[in-house]
file final39.tsv (TSV, C-alpha atoms)
chain	number	residue	atom	x	y	z
A	28	MET	CA	4.27	0.62	-22.78
A	29	ARG	CA	2.27	-2.35	-24.07
A	30	ILE	CA	1.77	-5.62	-22.23
A	31	TYR	CA	0.10	-8.84	-23.35
A	32	SER	CA	-0.35	-10.73	-20.11
A	33	ALA	CA	0.52	-9.72	-16.58
A	34	ASP	CA	-0.54	-9.98	-12.95
A	35	PHE	CA	1.44	-6.88	-12.05
A	36	VAL	CA	2.17	-3.73	-14.03
A	37	LEU	CA	4.44	-0.84	-13.11
A	38	ILE	CA	4.06	2.36	-15.10
A	39	SER	CA	6.78	4.99	-14.95
A	40	SER	CA	5.69	8.56	-15.48
A	41	ARG	CA	7.65	8.44	-18.75
A	42	TYR	CA	5.11	6.10	-20.31
A	43	PHE	CA	1.47	7.00	-20.89
A	44	SER	CA	0.11	4.19	-23.11
A	45	LEU	CA	-1.24	0.92	-21.75
A	46	GLY	CA	-2.72	-1.54	-24.21
A	47	ILE	CA	-3.05	-5.20	-24.96
A	48	VAL	CA	-1.01	-6.60	-27.83
A	49	GLN	CA	-0.05	-9.96	-29.24
A	50	TYR	CA	3.27	-10.55	-30.96
A	51	ALA	CA	3.26	-12.80	-34.01
A	52	ARG	CA	4.15	-11.89	-37.61
A	53	SER	CA	2.65	-8.49	-36.94
A	54	ILE	CA	1.43	-6.58	-33.93
A	55	HIS	CA	-2.30	-6.27	-33.54
A	56	PHE	CA	-4.77	-5.50	-30.78
A	57	ILE	CA	-6.88	-8.29	-29.36
A	58	GLN	CA	-9.94	-8.21	-27.16
A	59	PRO	CA	-8.60	-8.69	-23.62
A	60	GLN	CA	-10.25	-10.91	-21.05
A	61	ALA	CA	-11.95	-8.77	-18.41
A	62	GLN	CA	-9.85	-8.48	-15.25
A	63	LYS	CA	-10.15	-7.00	-11.80
A	64	LEU	CA	-7.49	-4.29	-11.61
A	65	GLY	CA	-6.13	-2.54	-8.53
A	66	LEU	CA	-4.42	0.83	-9.12
A	67	ILE	CA	-1.91	2.29	-6.67
A	68	GLY	CA	-0.49	5.79	-7.16
A	69	VAL	CA	3.15	6.24	-6.11
A	70	PRO	CA	4.00	9.97	-6.30
A	71	PHE	CA	7.65	9.46	-5.37
A	72	ARG	CA	10.74	11.14	-6.84
A	73	LYS	CA	13.61	10.76	-4.34
A	74	GLY	CA	15.16	7.87	-6.24
A	75	GLN	CA	16.55	10.51	-8.60
A	76	GLY	CA	17.27	14.23	-8.63
A	77	ARG	CA	14.65	15.84	-10.85
A	78	GLN	CA	11.28	17.21	-9.86
A	79	GLY	CA	8.17	16.31	-11.81
A	80	VAL	CA	7.99	12.51	-11.87
A	81	GLU	CA	5.96	12.58	-8.65
A	82	LEU	CA	3.16	14.12	-10.73
A	83	GLY	CA	2.91	10.95	-12.82
A	84	PRO	CA	-0.03	9.27	-11.04
A	85	LYS	CA	-2.23	12.35	-11.33
A	86	ALA	CA	-1.21	12.92	-14.95
A	87	LEU	CA	-2.01	9.33	-15.92
A	88	ARG	CA	-5.43	9.53	-14.27
A	89	ASP	CA	-6.10	12.94	-15.84
A	90	PHE	CA	-5.18	11.53	-19.26
A	91	GLY	CA	-8.00	9.01	-18.84
A	92	LEU	CA	-6.16	5.82	-17.90
A	93	ILE	CA	-8.98	4.52	-15.69
A	94	THR	CA	-11.66	5.20	-18.30
A	95	SER	CA	-9.53	3.54	-20.99
A	96	LEU	CA	-9.14	0.42	-18.86
A	97	GLN	CA	-12.86	0.34	-18.08
A	98	ASN	CA	-13.65	0.69	-21.79
A	99	LEU	CA	-11.61	-2.48	-22.34
A	100	GLY	CA	-14.03	-4.28	-20.01
A	101	HIS	CA	-11.92	-4.26	-16.85
A	102	GLU	CA	-13.20	-3.60	-13.34
A	103	VAL	CA	-10.94	-0.93	-11.83
A	104	HIS	CA	-10.41	-0.39	-8.10
A	105	ASP	CA	-8.42	2.81	-7.54
A	106	TYR	CA	-6.69	2.70	-4.15
A	107	GLY	CA	-5.52	6.31	-4.47
A	108	ASP	CA	-1.99	7.56	-3.83
A	109	LEU	CA	0.42	6.36	-1.17
A	110	GLU	CA	1.79	9.01	1.17
A	111	PHE	CA	5.47	9.12	2.08
A	112	GLU	CA	7.24	10.67	5.04
A	113	ASP	CA	9.50	13.62	4.23
A	114	PHE	CA	12.72	12.86	6.10
A	115	LYS	CA	14.65	16.07	6.79
A	116	ASP	CA	17.81	14.23	7.85
A	117	ASP	CA	18.42	11.80	5.01
A	118	PRO	CA	22.10	11.79	4.02
A	119	LYS	CA	23.76	9.73	1.32
A	120	LEU	CA	24.82	6.39	2.79
A	121	HIS	CA	26.24	3.27	1.12
A	122	ASN	CA	26.44	5.38	-2.06
A	123	ILE	CA	22.63	5.78	-2.14
A	124	ASN	CA	21.10	9.24	-2.09
A	125	ASN	CA	18.11	9.70	0.24
A	126	LEU	CA	18.66	6.19	1.60
A	127	LYS	CA	16.04	6.40	4.34
A	128	SER	CA	13.41	7.83	1.99
A	129	VAL	CA	13.84	5.24	-0.75
A	130	SER	CA	14.00	2.34	1.69
A	131	GLU	CA	10.89	3.35	3.64
A	132	ALA	CA	9.00	4.10	0.43
A	133	GLY	CA	9.96	0.69	-0.92
A	134	LYS	CA	8.61	-1.05	2.17
A	135	LYS	CA	5.28	0.78	1.90
A	136	ILE	CA	5.00	-0.01	-1.82
A	137	CYS	CA	5.85	-3.67	-1.15
A	138	SER	CA	3.12	-4.01	1.47
A	139	SER	CA	0.53	-2.23	-0.68
A	140	VAL	CA	1.22	-4.29	-3.80
A	141	LYS	CA	1.06	-7.54	-1.84
A	142	LYS	CA	-2.38	-6.63	-0.48
A	143	VAL	CA	-3.72	-5.92	-3.97
A	144	VAL	CA	-2.36	-9.17	-5.43
A	145	ASP	CA	-3.57	-11.14	-2.39
A	146	ALA	CA	-7.05	-9.75	-3.13
A	147	GLY	CA	-6.96	-11.39	-6.54
A	148	GLU	CA	-6.52	-8.17	-8.49
A	149	VAL	CA	-3.98	-7.31	-11.18
A	150	CYS	CA	-1.89	-4.58	-9.55
A	151	ILE	CA	-1.08	-1.51	-11.64
A	152	THR	CA	1.36	0.79	-9.87
A	153	LEU	CA	1.63	4.33	-11.23
A	154	GLY	CA	4.93	6.15	-10.63
A	155	GLY	CA	6.93	8.00	-9.86
A	156	ASP	CA	10.59	7.24	-10.51
A	157	HIS	CA	12.01	3.80	-11.20
A	158	SER	CA	13.12	3.20	-7.60
A	159	LEU	CA	9.55	2.13	-6.82
A	160	THR	CA	10.11	-1.14	-8.66
A	161	THR	CA	12.17	-2.72	-5.87
A	162	GLY	CA	9.22	-2.72	-3.50
A	163	GLY	CA	6.69	-3.29	-6.26
A	164	ILE	CA	8.26	-6.41	-7.69
A	165	TYR	CA	9.19	-7.83	-4.29
A	166	GLY	CA	5.67	-7.25	-2.96
A	167	HIS	CA	4.25	-9.16	-5.91
A	168	THR	CA	6.59	-12.12	-5.39
A	169	LEU	CA	5.50	-12.39	-1.74
A	170	SER	CA	2.04	-13.23	-3.06
A	171	GLN	CA	2.81	-14.78	-6.47
A	172	PRO	CA	6.49	-15.78	-6.66
A	173	ASN	CA	6.52	-17.25	-10.17
A	174	ILE	CA	6.91	-14.12	-12.32
A	175	VAL	CA	8.81	-12.74	-15.28
A	176	ILE	CA	9.66	-9.08	-15.86
A	177	LEU	CA	9.24	-7.00	-19.02
A	178	TRP	CA	11.51	-3.99	-18.48
A	179	VAL	CA	10.69	-1.20	-20.93
A	180	ASP	CA	13.56	1.26	-20.59
A	181	ALA	CA	16.71	2.50	-22.28
A	182	HIS	CA	18.64	1.61	-19.11
A	183	ALA	CA	19.20	-1.70	-17.33
A	184	ASP	CA	18.71	-0.25	-13.80
A	185	ILE	CA	20.66	-3.11	-12.25
A	186	ASN	CA	23.73	-1.29	-10.89
A	187	PRO	CA	24.95	-2.50	-7.49
A	188	PRO	CA	25.00	0.57	-5.22
A	189	ALA	CA	28.79	0.54	-4.86
A	190	ALA	CA	29.17	0.76	-8.65
A	191	SER	CA	26.68	3.57	-9.20
A	192	LEU	CA	28.13	6.75	-10.68
A	193	THR	CA	25.26	8.93	-9.43
A	194	GLY	CA	24.05	7.37	-6.19
A	195	ASN	CA	20.50	7.57	-7.48
A	196	MET	CA	18.34	4.59	-6.51
A	197	HIS	CA	16.43	4.71	-9.80
A	198	GLY	CA	19.48	3.16	-11.49
A	199	MET	CA	19.74	0.31	-8.96
A	200	PRO	CA	16.29	-1.18	-8.23
A	201	LEU	CA	16.83	-4.56	-9.88
A	202	SER	CA	20.16	-5.15	-8.15
A	203	PHE	CA	18.37	-5.86	-4.85
A	204	LEU	CA	16.09	-8.41	-6.52
A	205	VAL	CA	18.24	-10.39	-8.98
A	206	LYS	CA	19.93	-13.44	-7.49
A	207	GLU	CA	22.93	-13.38	-9.82
A	208	VAL	CA	23.87	-9.85	-8.72
A	209	GLN	CA	24.15	-10.71	-5.01
A	210	PRO	CA	27.90	-11.57	-5.08
A	211	TYR	CA	28.48	-7.92	-5.99
A	212	MET	CA	26.24	-6.55	-3.24
A	213	THR	CA	27.12	-5.61	0.32
A	214	ARG	CA	24.60	-5.66	3.14
A	215	ILE	CA	22.63	-2.44	3.59
A	216	GLU	CA	20.62	-2.72	6.80
A	217	ALA	CA	17.91	-0.35	5.58
A	218	PHE	CA	17.11	-2.84	2.82
A	219	ASP	CA	17.06	-5.99	4.94
A	220	TRP	CA	13.30	-6.16	4.23
A	221	VAL	CA	13.90	-7.17	0.59
A	222	LYS	CA	15.37	-10.51	-0.50
A	223	PRO	CA	16.62	-11.67	-3.92
A	224	CYS	CA	13.60	-13.19	-5.62
A	225	ILE	CA	14.10	-13.29	-9.41
A	226	SER	CA	16.66	-14.64	-11.84
A	227	ALA	CA	18.31	-12.61	-14.59
A	228	LYS	CA	16.98	-15.08	-17.16
A	229	ASP	CA	13.44	-14.03	-16.22
A	230	ILE	CA	13.96	-10.39	-17.26
A	231	ALA	CA	13.28	-9.30	-20.85
A	232	TYR	CA	14.51	-5.81	-21.71
A	233	ILE	CA	12.69	-3.75	-24.33
A	234	GLY	CA	14.36	-0.62	-25.73
A	235	LEU	CA	17.67	-1.18	-23.91
A	236	ARG	CA	20.47	0.96	-25.36
A	237	ASP	CA	22.54	2.44	-22.50
A	238	VAL	CA	24.18	-0.11	-20.18
A	239	ASP	CA	26.80	0.87	-17.59
A	240	SER	CA	30.02	-1.14	-17.40
A	241	ALA	CA	29.14	-2.66	-14.01
A	242	GLU	CA	25.78	-3.82	-15.36
A	243	LYS	CA	27.37	-5.83	-18.16
call {"tool": "encode", "arguments": {"input": "final39.tsv", "output": "structure tokens"}}
result
Amino acid sequence: MRIYSADFVLISSRYFSLGIVQYARSIHFIQPQAQKLGLIGVPFRKGQGRQGVELGPKALRDFGLITSLQNLGHEVHDYGDLEFEDFKDDPKLHNINNLKSVSEAGKKICSSVKKVVDAGEVCITLGGDHSLTTGGIYGHTLSQPNIVILWVDAHADINPPAASLTGNMHGMPLSFLVKEVQPYMTRIEAFDWVKPCISAKDIAYIGLRDVDSAEK
């Protein structure tokens, strides 16, 4: 994943490359302006069914992410990993698997991201599955509401819960945030903490190739 300018960066465990690029006739690296960066590890996987993505924050650190950012001239403040409660009784509700887990994790991520952005740092959140983006994006907008999203993924991840074929939150995170999707949403009390905060026109998809019918 490559980003030119951002106050907030989410890195899924699928992506291991963070650089600074400029798009013109050709792509080339530029010398970035030094920034204060705040890293938050989110070792969370219950937004989907596979094990392994919770190892993403450690893997990214072990691969030298912090050193690479420091070598670019940035000041890096590593806040460590968030810890999440393991709910034993967490049934599928409102067509969302592990509803309590993903909602409570989202609230914690939201609060943590807001604190980093409030401190004047560029927040880099290391996941973890894609469900973390609901809390991550919303937390950023509570501090800096005027944002745009670069979504680097083969999937749109904007399914309303009722339309999801899997019940996995990692395919729904944007649906809670995008204003134009709200007519297709029903109230889910566990997610009353998040409000629609972005417009569909402010999302740019990169690599999109697999869009569900409800997302179109």
call {"tool": "atom_distance", "arguments": {"input": "final39.tsv", "atom1": "CA of Met199 in chain A", "atom2": "CA of Asp89 in chain A"}}
result
29.6 Å
call {"tool": "residues_around", "arguments": {"input": "final39.tsv", "residues": "His101 in chain A", "least_positions_apart": "3", "cutoff": "9 Å", "atoms": "all atoms listed in the file", "output": "MDAnalysis selection string"}}
result
chainID A and resid 59:64 96:98
call {"tool": "atom_distance", "arguments": {"input": "final39.tsv", "atom1": "CA of Ile185 in chain A", "atom2": "CA of Glu112 in chain A"}}
result
25.9 Å
call {"tool": "closest_residue", "arguments": {"input": "final39.tsv", "among": "A:Lys115, A:His157, A:Lys142, A:Lys206", "to": "Ile67 in chain A", "atoms": "all atoms listed in the file"}}
result
A:Lys142
call {"tool": "residues_near_point", "arguments": {"input": "final39.tsv", "point": "(-8.0, 1.2, -8.2)", "cutoff": "10 Å", "atoms": "all atoms listed in the file", "output": "PDB file with C-alpha atoms, in the frame of the given file"}}
result
ATOM      1  CA  LYS A  63     -10.150  -7.000 -11.800  1.00  0.00           C
ATOM      2  CA  LEU A  64      -7.490  -4.290 -11.610  1.00  0.00           C
ATOM      3  CA  GLY A  65      -6.130  -2.540  -8.530  1.00  0.00           C
ATOM      4  CA  LEU A  66      -4.420   0.830  -9.120  1.00  0.00           C
ATOM      5  CA  ILE A  67      -1.910   2.290  -6.670  1.00  0.00           C
ATOM      6  CA  GLY A  68      -0.490   5.790  -7.160  1.00  0.00           C
ATOM      7  CA  ILE A  93      -8.980   4.520 -15.690  1.00  0.00           C
ATOM      8  CA  GLU A 102     -13.200  -3.600 -13.340  1.00  0.00           C
ATOM      9  CA  VAL A 103     -10.940  -0.930 -11.830  1.00  0.00           C
ATOM     10  CA  HIS A 104     -10.410  -0.390  -8.100  1.00  0.00           C
ATOM     11  CA  ASP A 105      -8.420   2.810  -7.540  1.00  0.00           C
ATOM     12  CA  TYR A 106      -6.690   2.700  -4.150  1.00  0.00           C
ATOM     13  CA  GLY A 107      -5.520   6.310  -4.470  1.00  0.00           C
ATOM     14  CA  ASP A 108      -1.990   7.560  -3.830  1.00  0.00           C
ATOM     15  CA  VAL A 143      -3.720  -5.920  -3.970  1.00  0.00           C
ATOM     16  CA  GLU A 148      -6.520  -8.170  -8.490  1.00  0.00           C
ATOM     17  CA  VAL A 149      -3.980  -7.310 -11.180  1.00  0.00           C
ATOM     18  CA  CYS A 150      -1.890  -4.580  -9.550  1.00  0.00           C
ATOM     19  CA  ILE A 151      -1.080  -1.510 -11.640  1.00  0.00           C
ATOM     20  CA  THR A 152       1.360   0.790  -9.870  1.00  0.00           C
TER      21      THR A 152
END
call {"tool": "axis_aligned_box", "arguments": {"input": "final39.tsv", "around": "range 217-222 of chain A", "padding_each_side": "3 Å", "output": "AutoDock Vina command-line options"}}
result
--center_x 15.6 --center_y -5.4 --center_z 2.5 --size_x 10.6 --size_y 16.2 --size_z 12.1
call {"tool": "closest_residue", "arguments": {"input": "final39.tsv", "among": "A:Leu109, A:Leu201, A:Ile215, A:Ile123", "to": "Ile230 in chain A", "atoms": "all atoms listed in the file"}}
result
A:Leu201
call {"tool": "residues_around", "arguments": {"input": "final39.tsv", "residues": "range 73-77 of chain A", "least_positions_apart": "4", "cutoff": "7 Å", "atoms": "all atoms listed in the file", "output": "PyMOL selection string"}}
result
chain A and resi 125+128-129+156+158+195-197
call {"tool": "atom_distance", "arguments": {"input": "final39.tsv", "atom1": "CA of Asp237 in chain A", "atom2": "CA of Ala181 in chain A"}}
result
5.8 Å
call {"tool": "closest_residue", "arguments": {"input": "final39.tsv", "among": "A:Asp239, A:Glu207, A:Asp117, A:Asp145", "to": "Cys224 in chain A", "atoms": "only C-alpha atoms"}}
result
A:Glu207
call {"tool": "build_atoms", "arguments": {"input": "final39.tsv", "residues": "range 192-207 of chain A", "atoms": "N, CA and C atoms", "output": "short mmCIF file (atom, residue, chain, number, x, y, z; two decimals), in the frame of the given file"}}
result
data_model
loop_
_atom_site.label_atom_id
_atom_site.label_comp_id
_atom_site.auth_asym_id
_atom_site.auth_seq_id
_atom_site.Cartn_x
_atom_site.Cartn_y
_atom_site.Cartn_z
N LEU A 192 27.40 5.51 -10.46
CA LEU A 192 28.13 6.75 -10.68
C LEU A 192 27.37 7.96 -10.13
N THR A 193 26.09 7.81 -9.87
CA THR A 193 25.26 8.93 -9.43
C THR A 193 24.76 8.80 -8.00
N GLY A 194 24.65 7.59 -7.50
CA GLY A 194 24.05 7.37 -6.19
C GLY A 194 22.54 7.42 -6.19
N ASN A 195 21.95 7.50 -7.37
CA ASN A 195 20.50 7.57 -7.48
C ASN A 195 19.90 6.17 -7.52
N MET A 196 18.94 5.91 -6.64
CA MET A 196 18.34 4.59 -6.51
C MET A 196 17.62 4.15 -7.78
N HIS A 197 17.18 5.11 -8.61
CA HIS A 197 16.43 4.71 -9.80
C HIS A 197 17.29 3.97 -10.82
N GLY A 198 18.61 3.95 -10.63
CA GLY A 198 19.48 3.16 -11.49
C GLY A 198 19.89 1.84 -10.87
N MET A 199 19.33 1.50 -9.70
CA MET A 199 19.74 0.31 -8.96
C MET A 199 18.63 -0.67 -8.61
N PRO A 200 17.36 -0.40 -8.88
CA PRO A 200 16.29 -1.18 -8.23
C PRO A 200 16.36 -2.67 -8.44
N LEU A 201 16.79 -3.12 -9.61
CA LEU A 201 16.83 -4.56 -9.88
C LEU A 201 17.97 -5.25 -9.15
N SER A 202 19.01 -4.51 -8.78
CA SER A 202 20.16 -5.15 -8.15
C SER A 202 19.80 -5.81 -6.82
N PHE A 203 18.80 -5.29 -6.13
CA PHE A 203 18.37 -5.86 -4.85
C PHE A 203 17.53 -7.12 -5.05
N LEU A 204 17.04 -7.34 -6.25
CA LEU A 204 16.09 -8.41 -6.52
C LEU A 204 16.69 -9.60 -7.26
N VAL A 205 17.71 -9.36 -8.08
CA VAL A 205 18.24 -10.39 -8.98
C VAL A 205 19.28 -11.24 -8.26
N LYS A 206 19.07 -12.53 -8.25
CA LYS A 206 19.93 -13.44 -7.49
C LYS A 206 21.37 -13.41 -7.97
N GLU A 207 21.58 -13.33 -9.28
CA GLU A 207 22.93 -13.38 -9.82
C GLU A 207 23.77 -12.15 -9.48
#
